[in-house]
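Asks: Data: coords34.pdb, PDB, C-alpha atoms.
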```pdb
ATOM      1  CA  MET T  56     -31.333  -8.534 -10.674
ATOM      2  CA  SER T  57     -30.479 -10.507  -7.561
ATOM      3  CA  LYS T  58     -30.575  -8.849  -4.163
ATOM      4  CA  ALA T  59     -27.158  -7.539  -3.147
ATOM      5  CA  VAL T  60     -25.954  -8.416   0.322
ATOM      6  CA  SER T  61     -22.790  -7.437   2.122
ATOM      7  CA  ALA T  62     -20.239 -10.082   3.063
ATOM      8  CA  LEU T  63     -21.248 -10.596   6.690
ATOM      9  CA  ASP T  64     -24.710  -9.018   6.672
ATOM     10  CA  GLY T  65     -23.971  -6.253   9.155
ATOM     11  CA  VAL T  66     -22.507  -8.356  11.940
ATOM     12  CA  THR T  67     -21.361  -6.425  15.040
ATOM     13  CA  PHE T  68     -19.232  -7.080  18.100
ATOM     14  CA  ASP T  69     -19.103  -5.039  21.293
ATOM     15  CA  GLY T  70     -15.803  -5.459  23.024
ATOM     16  CA  PHE T  71     -13.631  -2.758  24.526
ATOM     17  CA  ALA T  72     -14.171  -1.140  21.173
ATOM     18  CA  LYS T  73     -17.057  -1.648  18.806
ATOM     19  CA  VAL T  74     -16.561  -3.551  15.554
ATOM     20  CA  GLU T  75     -19.327  -3.514  12.982
ATOM     21  CA  GLU T  76     -19.665  -4.426   9.380
ATOM     22  CA  THR T  77     -21.113  -1.360   7.726
ATOM     23  CA  GLY T  78     -23.067  -3.147   5.022
ATOM     24  CA  LEU T  79     -23.134  -2.381   1.341
ATOM     25  CA  ARG T  80     -20.903   0.416   0.109
ATOM     26  CA  GLY T  81     -20.197   1.652  -3.375
ATOM     27  CA  MET T  82     -16.495   1.495  -4.166
ATOM     28  CA  ILE T  83     -14.884   2.419  -7.442
ATOM     29  CA  THR T  84     -11.263   1.962  -8.373
ATOM     30  CA  VAL T  85      -9.894   4.723 -10.588
ATOM     31  CA  ARG T  86      -6.449   4.529 -12.131
ATOM     32  CA  GLY T  87      -4.765   7.160 -14.200
ATOM     33  CA  ASP T  88      -2.677  10.291 -13.948
ATOM     34  CA  LEU T  89      -3.714  11.840 -10.632
ATOM     35  CA  ALA T  90      -1.945  15.104 -11.446
ATOM     36  CA  SER T  91      -4.014  15.756 -14.557
ATOM     37  CA  LYS T  92      -6.763  18.359 -14.496
ATOM     38  CA  GLU T  93      -9.154  15.903 -16.171
ATOM     39  CA  MET T  94      -8.790  13.568 -13.188
ATOM     40  CA  ALA T  95      -9.371  16.361 -10.674
ATOM     41  CA  ALA T  96     -12.451  17.466 -12.591
ATOM     42  CA  ALA T  97     -13.758  13.909 -12.840
ATOM     43  CA  VAL T  98     -13.381  13.342  -9.112
ATOM     44  CA  LYS T  99     -15.046  16.679  -8.367
ATOM     45  CA  ALA T 100     -17.956  15.868 -10.663
ATOM     46  CA  ALA T 101     -18.461  12.404  -9.217
ATOM     47  CA  THR T 102     -18.187  13.157  -5.500
ATOM     48  CA  GLY T 103     -17.771  16.875  -4.935
ATOM     49  CA  ALA T 104     -14.443  16.158  -3.244
ATOM     50  CA  GLU T 105     -11.045  17.672  -3.961
ATOM     51  CA  MET T 106      -8.200  15.496  -5.227
ATOM     52  CA  PRO T 107      -6.551  13.915  -2.172
ATOM     53  CA  VAL T 108      -2.811  14.252  -1.649
ATOM     54  CA  GLN T 109      -0.589  11.328  -0.691
ATOM     55  CA  ARG T 110      -2.167   9.010   1.930
ATOM     56  CA  LYS T 111      -5.199  11.234   2.439
ATOM     57  CA  ILE T 112      -8.912  10.814   1.978
ATOM     58  CA  THR T 113     -11.145  13.732   1.082
ATOM     59  CA  SER T 114     -14.898  13.894   1.126
ATOM     60  CA  GLY T 115     -17.564  15.794  -0.721
ATOM     61  CA  ASP T 116     -21.344  15.894  -0.723
ATOM     62  CA  LYS T 117     -21.697  12.682  -2.744
ATOM     63  CA  GLY T 118     -18.848  10.576  -1.441
ATOM     64  CA  ALA T 119     -15.195  10.290  -0.514
ATOM     65  CA  VAL T 120     -12.002   9.869  -2.505
ATOM     66  CA  ALA T 121      -8.999   8.027  -1.123
ATOM     67  CA  TRP T 122      -5.398   8.108  -2.347
ATOM     68  CA  MET T 123      -4.379   4.467  -2.849
ATOM     69  CA  SER T 124      -1.108   4.751  -4.760
ATOM     70  CA  PRO T 125       0.558   7.329  -7.039
ATOM     71  CA  ASP T 126      -1.776   6.316  -9.865
ATOM     72  CA  GLU T 127      -4.800   4.928  -8.076
ATOM     73  CA  LEU T 128      -7.817   6.340  -6.255
ATOM     74  CA  LEU T 129     -10.692   4.712  -4.467
ATOM     75  CA  VAL T 130     -13.992   6.506  -4.793
ATOM     76  CA  VAL T 131     -16.441   5.653  -2.005
ATOM     77  CA  VAL T 132     -20.126   6.415  -2.598
ATOM     78  CA  ASP T 133     -23.517   5.000  -1.663
ATOM     79  CA  TYR T 134     -24.008   1.491  -2.956
ATOM     80  CA  ASP T 135     -26.967   2.441  -5.134
ATOM     81  CA  ALA T 136     -25.044   5.351  -6.658
ATOM     82  CA  ALA T 137     -22.032   3.269  -7.723
ATOM     83  CA  ASN T 138     -23.070   2.558 -11.305
ATOM     84  CA  ALA T 139     -24.073   6.155 -11.940
ATOM     85  CA  THR T 140     -20.765   7.331 -10.483
ATOM     86  CA  VAL T 141     -18.863   4.933 -12.731
ATOM     87  CA  ALA T 142     -20.719   6.427 -15.688
ATOM     88  CA  THR T 143     -19.875   9.979 -14.580
ATOM     89  CA  LEU T 144     -16.196   9.133 -14.099
ATOM     90  CA  THR T 145     -15.910   7.154 -17.306
ATOM     91  CA  ASP T 146     -17.448  10.019 -19.250
ATOM     92  CA  ALA T 147     -15.220  12.618 -17.591
ATOM     93  CA  LEU T 148     -12.102  10.544 -18.291
ATOM     94  CA  LYS T 149     -12.979   9.393 -21.791
ATOM     95  CA  ASP T 150     -10.103  11.297 -23.399
ATOM     96  CA  SER T 151      -7.510  10.257 -20.785
ATOM     97  CA  HIS T 152      -5.570   7.054 -20.306
ATOM     98  CA  ALA T 153      -7.550   5.867 -17.289
ATOM     99  CA  LEU T 154      -9.492   2.978 -15.852
ATOM    100  CA  VAL T 155     -12.705   3.074 -13.830
ATOM    101  CA  ALA T 156     -14.090  -0.092 -12.274
ATOM    102  CA  ASN T 157     -16.897  -0.791  -9.836
ATOM    103  CA  VAL T 158     -15.451  -3.018  -7.107
ATOM    104  CA  SER T 159     -18.262  -2.579  -4.551
ATOM    105  CA  ASP T 160     -19.105  -6.259  -4.343
ATOM    106  CA  ALA T 161     -15.467  -7.299  -4.101
ATOM    107  CA  ARG T 162     -14.909  -5.617  -0.749
ATOM    108  CA  ALA T 163     -16.097  -5.586   2.836
ATOM    109  CA  VAL T 164     -16.115  -2.547   5.134
ATOM    110  CA  PHE T 165     -15.835  -2.531   8.918
ATOM    111  CA  ARG T 166     -16.213   0.383  11.279
ATOM    112  CA  LEU T 167     -14.263   0.606  14.524
ATOM    113  CA  SER T 168     -15.436   2.983  17.207
ATOM    114  CA  GLY T 169     -14.845   3.500  20.886
ATOM    115  CA  ASP T 170     -12.041   5.050  22.886
ATOM    116  CA  SER T 171      -9.694   2.101  22.435
ATOM    117  CA  ARG T 172     -10.204   1.652  18.700
ATOM    118  CA  ARG T 173      -6.549   2.521  18.040
ATOM    119  CA  ASP T 174      -5.368  -0.347  20.217
ATOM    120  CA  VAL T 175      -7.563  -2.818  18.354
ATOM    121  CA  LEU T 176      -5.843  -1.948  15.089
ATOM    122  CA  ALA T 177      -2.374  -1.486  16.531
ATOM    123  CA  LYS T 178      -2.373  -5.125  17.611
ATOM    124  CA  LEU T 179      -3.014  -6.247  14.055
ATOM    125  CA  ALA T 180      -1.149  -3.924  11.698
ATOM    126  CA  PRO T 181       2.486  -2.724  11.527
ATOM    127  CA  VAL T 182       1.360   0.903  11.519
ATOM    128  CA  ASP T 183       1.696   3.792  13.953
ATOM    129  CA  PHE T 184      -1.897   4.449  15.007
ATOM    130  CA  SER T 185      -1.133   7.141  17.576
ATOM    131  CA  LYS T 186      -3.306  10.232  17.309
ATOM    132  CA  TYR T 187      -0.252  12.226  16.205
ATOM    133  CA  ALA T 188       0.437   9.929  13.270
ATOM    134  CA  PHE T 189      -3.032   8.888  12.161
ATOM    135  CA  GLY T 190      -6.339  10.694  12.393
ATOM    136  CA  ALA T 191      -9.342  11.903  10.456
ATOM    137  CA  GLY T 192      -8.609  12.248   6.759
ATOM    138  CA  ASP T 193      -5.680   9.829   6.768
ATOM    139  CA  ILE T 194      -5.686   6.546   4.901
ATOM    140  CA  ARG T 195      -3.153   3.788   5.236
ATOM    141  CA  ARG T 196      -2.925   0.617   3.181
ATOM    142  CA  SER T 197      -1.267  -2.141   5.102
ATOM    143  CA  ARG T 198      -2.108  -5.573   6.396
ATOM    144  CA  ILE T 199      -4.519  -6.702   9.109
ATOM    145  CA  ALA T 200      -2.922  -9.802  10.608
ATOM    146  CA  GLN T 201      -2.184 -11.800   7.446
ATOM    147  CA  VAL T 202      -4.266 -10.079   4.788
ATOM    148  CA  SER T 203      -4.097  -6.762   2.949
ATOM    149  CA  ALA T 204      -6.439  -4.041   4.107
ATOM    150  CA  ALA T 205      -6.792  -0.278   4.211
ATOM    151  CA  VAL T 206      -7.826   1.875   7.149
ATOM    152  CA  TRP T 207      -9.012   5.456   7.134
ATOM    153  CA  GLY T 208     -10.075   7.882   9.831
ATOM    154  CA  ASN T 209     -13.523   9.483   9.687
ATOM    155  CA  ASP T 210     -14.351  12.970  10.928
ATOM    156  CA  ASP T 211     -16.364  11.524  13.830
ATOM    157  CA  GLY T 212     -13.228   9.750  15.071
ATOM    158  CA  SER T 213     -14.212   6.262  14.001
ATOM    159  CA  PHE T 214     -12.006   4.180  11.740
ATOM    160  CA  GLU T 215     -13.120   2.249   8.719
ATOM    161  CA  VAL T 216     -11.327  -0.831   7.497
ATOM    162  CA  ILE T 217     -11.744  -2.192   3.998
ATOM    163  CA  CYS T 218     -10.605  -5.625   2.917
ATOM    164  CA  PHE T 219     -11.356  -8.105   0.182
ATOM    165  CA  ARG T 220     -14.728  -9.751   0.526
ATOM    166  CA  SER T 221     -13.168 -13.210   0.409
ATOM    167  CA  VAL T 222     -11.337 -12.518   3.688
ATOM    168  CA  ALA T 223     -14.159 -10.581   5.379
ATOM    169  CA  GLN T 224     -14.854 -13.310   7.934
ATOM    170  CA  TYR T 225     -11.163 -13.587   8.764
ATOM    171  CA  VAL T 226     -10.792  -9.840   9.235
ATOM    172  CA  PHE T 227     -13.916  -9.669  11.391
ATOM    173  CA  ASP T 228     -12.650 -12.577  13.502
ATOM    174  CA  VAL T 229      -9.247 -11.017  14.147
ATOM    175  CA  LEU T 230     -10.801  -7.626  14.914
ATOM    176  CA  GLN T 231     -13.156  -9.367  17.307
ATOM    177  CA  VAL T 232     -10.335 -11.197  19.076
ATOM    178  CA  SER T 233      -8.335  -7.992  19.232
ATOM    179  CA  ALA T 234     -11.288  -6.112  20.767
ATOM    180  CA  GLN T 235     -12.162  -8.822  23.282
ATOM    181  CA  PRO T 236     -12.727  -7.606  26.862
ATOM    182  CA  GLY T 237      -9.663  -8.540  28.865
ATOM    183  CA  GLY T 238      -7.375  -7.676  25.981
ATOM    184  CA  GLU T 239      -7.224  -3.939  26.666
ATOM    185  CA  VAL T 240      -3.799  -2.440  26.155
ATOM    186  CA  GLY T 241      -4.460   1.125  27.212
ATOM    187  CA  PHE T 242      -1.584   2.373  25.110
ATOM    188  CA  HIS T 243      -3.349   4.802  22.794
TER
ATOM    189  CA  MET U 195      13.474  -5.908  11.647
ATOM    190  CA  LEU U 196      14.163  -4.153   8.387
ATOM    191  CA  THR U 197      12.242  -0.924   7.813
ATOM    192  CA  LEU U 198      12.292   0.652   4.361
ATOM    193  CA  GLN U 199      10.655   3.840   3.184
ATOM    194  CA  CYS U 200       8.523   3.270   0.123
ATOM    195  CA  PRO U 201       9.498   6.011  -2.357
ATOM    196  CA  TYR U 202       5.996   5.975  -3.867
ATOM    197  CA  CYS U 203       3.725   6.340  -0.856
ATOM    198  CA  GLY U 204       6.266   7.660   1.639
ATOM    199  CA  VAL U 205       5.358   5.073   4.241
ATOM    200  CA  TRP U 206       8.057   3.677   6.522
ATOM    201  CA  ALA U 207       7.077   0.099   5.916
ATOM    202  CA  GLU U 208       8.458  -2.709   7.970
ATOM    203  CA  GLU U 209       9.489  -5.982   6.430
ATOM    204  CA  THR U 210       6.217  -7.885   6.827
ATOM    205  CA  GLU U 211       4.378  -5.294   4.743
ATOM    206  CA  LEU U 212       6.889  -5.702   1.922
ATOM    207  CA  HIS U 213       7.909  -8.520  -0.354
ATOM    208  CA  ALA U 214      11.515  -9.118  -1.338
ATOM    209  CA  GLU U 215      11.782  -9.363  -5.112
ATOM    210  CA  GLY U 216      15.423 -10.286  -5.591
ATOM    211  CA  GLU U 217      18.311  -8.385  -7.014
ATOM    212  CA  ALA U 218      17.964  -4.877  -8.433
ATOM    213  CA  HIS U 219      19.258  -3.616 -11.796
ATOM    214  CA  LEU U 220      19.167  -6.945 -13.624
ATOM    215  CA  LYS U 221      19.729  -6.600 -17.324
ATOM    216  CA  ARG U 222      17.283  -8.852 -19.069
ATOM    217  CA  PHE U 223      18.170 -11.109 -22.001
ATOM    218  CA  GLY U 224      15.226 -12.604 -23.840
ATOM    219  CA  PRO U 225      14.621 -14.336 -27.159
ATOM    220  CA  ASP U 226      17.494 -14.104 -29.684
ATOM    221  CA  SER U 227      20.082 -13.420 -26.988
ATOM    222  CA  ASP U 228      23.018 -15.776 -26.786
ATOM    223  CA  ASP U 229      22.993 -18.677 -24.357
ATOM    224  CA  ALA U 230      25.704 -17.342 -22.061
ATOM    225  CA  ASP U 231      23.910 -14.015 -21.567
ATOM    226  CA  PHE U 232      20.608 -15.727 -20.982
ATOM    227  CA  GLU U 233      22.150 -18.094 -18.464
ATOM    228  CA  SER U 234      23.817 -15.277 -16.536
ATOM    229  CA  TYR U 235      20.606 -13.257 -16.518
ATOM    230  CA  LEU U 236      18.613 -16.221 -15.294
ATOM    231  CA  PHE U 237      20.930 -17.719 -12.710
ATOM    232  CA  MET U 238      23.912 -15.582 -11.804
ATOM    233  CA  ARG U 239      23.256 -13.381  -8.786
ATOM    234  CA  GLU U 240      25.388 -11.240  -6.547
ATOM    235  CA  ASN U 241      25.780 -12.506  -3.006
ATOM    236  CA  PRO U 242      27.854  -9.782  -1.426
ATOM    237  CA  LYS U 243      29.042  -9.293   2.089
ATOM    238  CA  GLY U 244      28.408  -5.576   2.421
ATOM    239  CA  VAL U 245      26.769  -3.235  -0.071
ATOM    240  CA  HIS U 246      23.812  -4.734  -1.908
ATOM    241  CA  PHE U 247      21.039  -3.458  -4.168
ATOM    242  CA  GLU U 248      17.667  -5.126  -3.954
ATOM    243  CA  ARG U 249      14.235  -4.882  -5.453
ATOM    244  CA  TRP U 250      11.294  -4.788  -3.081
ATOM    245  CA  ARG U 251       7.559  -4.511  -3.506
ATOM    246  CA  HIS U 252       5.242  -2.691  -1.161
ATOM    247  CA  ALA U 253       2.942  -5.682  -1.358
ATOM    248  CA  SER U 254       0.457  -4.827   1.388
ATOM    249  CA  GLY U 255       0.576  -1.129   0.621
ATOM    250  CA  CYS U 256       0.577   0.729  -2.656
ATOM    251  CA  GLY U 257       1.765  -2.363  -4.545
ATOM    252  CA  LYS U 258       4.675  -0.640  -6.270
ATOM    253  CA  PHE U 259       8.126  -2.048  -6.905
ATOM    254  CA  PHE U 260      11.090  -0.031  -5.686
ATOM    255  CA  HIS U 261      14.818  -0.429  -5.159
ATOM    256  CA  ALA U 262      16.739  -0.353  -1.893
ATOM    257  CA  ALA U 263      20.449  -0.021  -1.196
ATOM    258  CA  ARG U 264      21.624  -1.571   2.037
ATOM    259  CA  SER U 265      24.452  -3.379   3.708
ATOM    260  CA  THR U 266      24.015  -7.105   4.217
ATOM    261  CA  THR U 267      26.404  -7.098   7.159
ATOM    262  CA  THR U 268      25.114  -4.195   9.262
ATOM    263  CA  LEU U 269      21.570  -4.037   7.807
ATOM    264  CA  GLU U 270      22.130  -0.299   7.393
ATOM    265  CA  VAL U 271      19.794   1.078   4.739
ATOM    266  CA  PHE U 272      21.419   3.703   2.516
ATOM    267  CA  GLY U 273      18.185   4.623   0.826
ATOM    268  CA  THR U 274      15.324   3.559  -1.385
ATOM    269  CA  TYR U 275      14.595   4.842  -4.855
ATOM    270  CA  SER U 276      12.336   4.424  -7.855
ATOM    271  CA  ALA U 277      12.545   1.203  -9.826
ATOM    272  CA  GLN U 278      12.292   3.223 -13.080
ATOM    273  CA  THR U 279      16.004   3.850 -13.243
ATOM    274  CA  MET U 280      19.066   2.150 -14.687
ATOM    275  CA  GLU U 281      21.429   2.953 -11.848
ATOM    276  CA  PRO U 282      21.339   4.081  -8.212
ATOM    277  CA  PRO U 283      21.000   7.856  -7.674
ATOM    278  CA  GLN U 284      24.184   9.765  -6.929
ATOM    279  CA  ASP U 285      23.208  10.755  -3.371
ATOM    280  CA  ILE U 286      22.796   7.116  -2.406
ATOM    281  CA  LYS U 287      26.126   6.244  -4.009
ATOM    282  CA  ASP U 288      27.740   9.079  -2.031
ATOM    283  CA  LYS U 289      26.269   7.774   1.208
ATOM    284  CA  ILE U 290      27.666   4.325   0.497
ATOM    285  CA  THR U 291      31.079   5.741  -0.399
ATOM    286  CA  ALA U 292      31.175   7.577   2.933
ATOM    287  CA  LYS U 293      30.695   4.278   4.752
ATOM    288  CA  TYR U 294      32.442   1.849   2.388
ATOM    289  CA  PRO U 295      35.157   3.725   0.444
ATOM    290  CA  GLY U 296      36.076   1.864  -2.732
ATOM    291  CA  TRP U 297      32.900  -0.240  -2.780
ATOM    292  CA  SER U 298      31.734  -1.883  -5.970
ATOM    293  CA  TRP U 299      28.679  -3.879  -6.948
ATOM    294  CA  ARG U 300      28.392  -5.253 -10.473
ATOM    295  CA  GLU U 301      29.155  -2.271 -12.745
ATOM    296  CA  PHE U 302      28.481   0.354 -10.054
ATOM    297  CA  SER U 303      31.042   1.814  -7.699
TER
END
```
Can you dump the structure from the file as C-alpha cells?
Replies:
Amino acid sequence: MSKAVSALDGVTFDGFAKVEETGLRGMITVRGDLASKEMAAAVKAATGAEMPVQRKITSGDKGAVAWMSPDELLVVVDYDAANATVATLTDALKDSHALVANVSDARAVFRLSGDSRRDVLAKLAPVDFSKYAFGAGDIRRSRIAQVSAAVWGNDDGSFEVICFRSVAQYVFDVLQVSAQPGGEVGFH
Amino acid sequence: MLTLQCPYCGVWAEETELHAEGEAHLKRFGPDSDDADFESYLFMRENPKGVHFERWRHASGCGKFFHAARSTTTLEVFGTYSAQTMEPPQDIKDKITAKYPGWSWREFS
C-alpha cells in the first residue's frame, strides 16, 4: 500500500497565534439514528466516548465523537486505527439503518493555539467565538472564509479546524493571513 | 443581514452560512399530471410584499433544509420550522396574525 501523507505535510505558521497542520488523523462519518441504543453502544465500543448531544464533541480513551447533524456523527481516532474502528462500528450497527465510512484521507486538520486563537477564527467565520459561547467540548460547523469547515475546542484550550482536503491549502493560507503579526484584534 | 435559527442544529446562522432554496410548501406535480398543474408547479411563484414562506438550507452547517416565515418588507423573521411538514405550525401563524391581521399566502391564512 502506498504511504499515506496528510494534505500539507504538517506545515506550521507562528503568528500572533500558532497555526499547524496536525498530520494524519482517522475520521469516520457515521449516519443513522443517534437516539438509538445501538448507536450509543457502537460509539462506546469504538471510542469509549458517550453519545454527544447537539453541537458537542465527547472523547473517550480511543478517540472522540462529534455531533455533526441530527443524524450524523464524526468519529475521530488515530489514523492507523481508522479501518479497525470502521469494522467495529459496522459490526455494532449491522442490524440498524446506518452508514459508516472512512473519510480520513478526504480531510485536513489544523490546530490553532495561542492566546489570540479566537480572534484568528472570528475574522474568518460568522460564529461567536467568545469564551462564553464556544469552548472545550463544543463543535461548530460553519465556513472559514469561503469554504465549509468545522471547528471544535479541545480540553487544552486549543481549537481544531477540519476542512476538505481539496481546500486545505486555501484554509491554511487564510488562517495564516488572519494570524499574521500586525493583524491582532485583541477582542477575545 | 438576515439571521435565521436552524431548527435542526439550533445555530443562529447568518445569511452567508445558509443557502436560499426558493419558495416553501410547493406541491409537486410530476409524470402523468396535467400540463396546467405542471406548469404552475414549475414556474408560478409567490412574490408577496409582506408575509412570505421560504425554504433554506444550512449549507455550511448541518446541511439540512428547513422552512422560514418572514416578512419581505420589514425582514422580520416569524420563525423557522422543519421542512417535513405540509403547513406552517400554528404558533408561527399566530405570530404572523398578531402583526398582519388577515394575512394570506397561497392556501394559508
Asks: Please list as number ranges by chain every residue within 10 Å of U:Cys203, counting all atoms listed in the file and excluding residues in the same chain fewer than 5 positions away.
Replies: T: 109-110, 122-125, 195-196; U: 252, 255-258
Asks: Report the distance between atom CA of U:Val245 and atom CA of U:Thr197 in Å, rounded to one decimal place.
Replies: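 Computing it gives 16.7 Å between the two atoms.
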Asks: Could you build a table of the residues in chain T lying no more than 12 Å from chain U, giving for each the nearest pair of atoms and their separation in Å rounded to one decimal place, using all atoms listed in the file, ordered by chain and ascending residue number, as JSON lines?
Replies:
```
{"residue": "T:Val108", "atom": "CA", "partner": "U:Cys203", "partner_atom": "CA", "distance": 10.3}
{"residue": "T:Gln109", "atom": "CA", "partner": "U:Cys203", "partner_atom": "CA", "distance": 6.6}
{"residue": "T:Arg110", "atom": "CA", "partner": "U:Cys203", "partner_atom": "CA", "distance": 7.0}
{"residue": "T:Lys111", "atom": "CA", "partner": "U:Cys203", "partner_atom": "CA", "distance": 10.7}
{"residue": "T:Trp122", "atom": "CA", "partner": "U:Cys203", "partner_atom": "CA", "distance": 9.4}
{"residue": "T:Met123", "atom": "CA", "partner": "U:Cys256", "partner_atom": "CA", "distance": 6.2}
{"residue": "T:Ser124", "atom": "CA", "partner": "U:Cys256", "partner_atom": "CA", "distance": 4.8}
{"residue": "T:Pro125", "atom": "CA", "partner": "U:Tyr202", "partner_atom": "CA", "distance": 6.4}
{"residue": "T:Asp126", "atom": "CA", "partner": "U:Cys256", "partner_atom": "CA", "distance": 9.4}
{"residue": "T:Glu127", "atom": "CA", "partner": "U:Cys256", "partner_atom": "CA", "distance": 8.7}
{"residue": "T:Leu128", "atom": "CA", "partner": "U:Cys256", "partner_atom": "CA", "distance": 10.7}
{"residue": "T:Leu179", "atom": "CA", "partner": "U:Thr210", "partner_atom": "CA", "distance": 11.8}
{"residue": "T:Ala180", "atom": "CA", "partner": "U:Glu211", "partner_atom": "CA", "distance": 9.0}
{"residue": "T:Pro181", "atom": "CA", "partner": "U:Glu208", "partner_atom": "CA", "distance": 7.0}
{"residue": "T:Val182", "atom": "CA", "partner": "U:Ala207", "partner_atom": "CA", "distance": 8.0}
{"residue": "T:Asp183", "atom": "CA", "partner": "U:Trp206", "partner_atom": "CA", "distance": 9.8}
{"residue": "T:Ala188", "atom": "CA", "partner": "U:Val205", "partner_atom": "CA", "distance": 11.4}
{"residue": "T:Ile194", "atom": "CA", "partner": "U:Gly255", "partner_atom": "CA", "distance": 10.8}
{"residue": "T:Arg195", "atom": "CA", "partner": "U:Gly255", "partner_atom": "CA", "distance": 7.7}
{"residue": "T:Arg196", "atom": "CA", "partner": "U:Gly255", "partner_atom": "CA", "distance": 4.7}
{"residue": "T:Ser197", "atom": "CA", "partner": "U:Ser254", "partner_atom": "CA", "distance": 4.9}
{"residue": "T:Arg198", "atom": "CA", "partner": "U:Ser254", "partner_atom": "CA", "distance": 5.7}
{"residue": "T:Ile199", "atom": "CA", "partner": "U:Ser254", "partner_atom": "CA", "distance": 9.4}
{"residue": "T:Ala200", "atom": "CA", "partner": "U:Thr210", "partner_atom": "CA", "distance": 10.1}
{"residue": "T:Gln201", "atom": "CA", "partner": "U:Thr210", "partner_atom": "CA", "distance": 9.3}
{"residue": "T:Val202", "atom": "CA", "partner": "U:Ser254", "partner_atom": "CA", "distance": 7.8}
{"residue": "T:Ser203", "atom": "CA", "partner": "U:Ser254", "partner_atom": "CA", "distance": 5.2}
{"residue": "T:Ala204", "atom": "CA", "partner": "U:Ser254", "partner_atom": "CA", "distance": 7.5}
{"residue": "T:Ala205", "atom": "CA", "partner": "U:Gly255", "partner_atom": "CA", "distance": 8.2}
{"residue": "T:Val206", "atom": "CA", "partner": "U:Gly255", "partner_atom": "CA", "distance": 11.1}
{"residue": "T:Cys218", "atom": "CA", "partner": "U:Ser254", "partner_atom": "CA", "distance": 11.2}
```
Asks: Specify as a PDB file with C-alpha atoms, in the coordinates of the input each residue included when the PyMOL selection byres ((chain T and resi 74-87) around 8) is applied to this file.
Replies:
```
ATOM      1  CA  ALA T  59     -27.158  -7.539  -3.147  1.00  0.00           C
ATOM      2  CA  VAL T  60     -25.954  -8.416   0.322  1.00  0.00           C
ATOM      3  CA  SER T  61     -22.790  -7.437   2.122  1.00  0.00           C
ATOM      4  CA  ALA T  62     -20.239 -10.082   3.063  1.00  0.00           C
ATOM      5  CA  LEU T  63     -21.248 -10.596   6.690  1.00  0.00           C
ATOM      6  CA  ASP T  64     -24.710  -9.018   6.672  1.00  0.00           C
ATOM      7  CA  GLY T  65     -23.971  -6.253   9.155  1.00  0.00           C
ATOM      8  CA  VAL T  66     -22.507  -8.356  11.940  1.00  0.00           C
ATOM      9  CA  THR T  67     -21.361  -6.425  15.040  1.00  0.00           C
ATOM     10  CA  PHE T  68     -19.232  -7.080  18.100  1.00  0.00           C
ATOM     11  CA  ASP T  69     -19.103  -5.039  21.293  1.00  0.00           C
ATOM     12  CA  GLY T  70     -15.803  -5.459  23.024  1.00  0.00           C
ATOM     13  CA  ALA T  72     -14.171  -1.140  21.173  1.00  0.00           C
ATOM     14  CA  LYS T  73     -17.057  -1.648  18.806  1.00  0.00           C
ATOM     15  CA  ASP T  88      -2.677  10.291 -13.948  1.00  0.00           C
ATOM     16  CA  LEU T  89      -3.714  11.840 -10.632  1.00  0.00           C
ATOM     17  CA  MET T  94      -8.790  13.568 -13.188  1.00  0.00           C
ATOM     18  CA  ASP T 126      -1.776   6.316  -9.865  1.00  0.00           C
ATOM     19  CA  GLU T 127      -4.800   4.928  -8.076  1.00  0.00           C
ATOM     20  CA  LEU T 128      -7.817   6.340  -6.255  1.00  0.00           C
ATOM     21  CA  LEU T 129     -10.692   4.712  -4.467  1.00  0.00           C
ATOM     22  CA  VAL T 130     -13.992   6.506  -4.793  1.00  0.00           C
ATOM     23  CA  VAL T 131     -16.441   5.653  -2.005  1.00  0.00           C
ATOM     24  CA  VAL T 132     -20.126   6.415  -2.598  1.00  0.00           C
ATOM     25  CA  ASP T 133     -23.517   5.000  -1.663  1.00  0.00           C
ATOM     26  CA  TYR T 134     -24.008   1.491  -2.956  1.00  0.00           C
ATOM     27  CA  ASP T 135     -26.967   2.441  -5.134  1.00  0.00           C
ATOM     28  CA  ALA T 136     -25.044   5.351  -6.658  1.00  0.00           C
ATOM     29  CA  ALA T 137     -22.032   3.269  -7.723  1.00  0.00           C
ATOM     30  CA  VAL T 141     -18.863   4.933 -12.731  1.00  0.00           C
ATOM     31  CA  SER T 151      -7.510  10.257 -20.785  1.00  0.00           C
ATOM     32  CA  HIS T 152      -5.570   7.054 -20.306  1.00  0.00           C
ATOM     33  CA  ALA T 153      -7.550   5.867 -17.289  1.00  0.00           C
ATOM     34  CA  LEU T 154      -9.492   2.978 -15.852  1.00  0.00           C
ATOM     35  CA  VAL T 155     -12.705   3.074 -13.830  1.00  0.00           C
ATOM     36  CA  ALA T 156     -14.090  -0.092 -12.274  1.00  0.00           C
ATOM     37  CA  ASN T 157     -16.897  -0.791  -9.836  1.00  0.00           C
ATOM     38  CA  VAL T 158     -15.451  -3.018  -7.107  1.00  0.00           C
ATOM     39  CA  SER T 159     -18.262  -2.579  -4.551  1.00  0.00           C
ATOM     40  CA  ASP T 160     -19.105  -6.259  -4.343  1.00  0.00           C
ATOM     41  CA  ALA T 163     -16.097  -5.586   2.836  1.00  0.00           C
ATOM     42  CA  VAL T 164     -16.115  -2.547   5.134  1.00  0.00           C
ATOM     43  CA  PHE T 165     -15.835  -2.531   8.918  1.00  0.00           C
ATOM     44  CA  ARG T 166     -16.213   0.383  11.279  1.00  0.00           C
ATOM     45  CA  LEU T 167     -14.263   0.606  14.524  1.00  0.00           C
ATOM     46  CA  SER T 168     -15.436   2.983  17.207  1.00  0.00           C
ATOM     47  CA  PHE T 227     -13.916  -9.669  11.391  1.00  0.00           C
ATOM     48  CA  LEU T 230     -10.801  -7.626  14.914  1.00  0.00           C
ATOM     49  CA  GLN T 231     -13.156  -9.367  17.307  1.00  0.00           C
ATOM     50  CA  ALA T 234     -11.288  -6.112  20.767  1.00  0.00           C
TER      51      ALA T 234
END
```
Asks: Please measure the separation of atom CA of U:Thr291 and atom CA of U:His246, giving the value in Å to one decimal.
Replies: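 Going from atom CA of U:Thr291 over to atom CA of U:His246, I get 12.8 Å.
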Asks: Quick check, in Å to one decimal: how far apart do atom CA of T:Phe219 and atom CA of T:Lys99 lie?
Replies: 26.5 Å
Asks: Each side padded by 4 Å, which centre and which edge lengths in Å (one decimal) define the axis-aligned box around the listed atoms of stretch 276-283 of chain U? Give them as lines of an AutoDock Vina configuration file.
Replies:
```
center_x = 16.9
center_y = 4.5
center_z = -11.2
size_x = 17.1
size_y = 14.7
size_z = 15.0
```
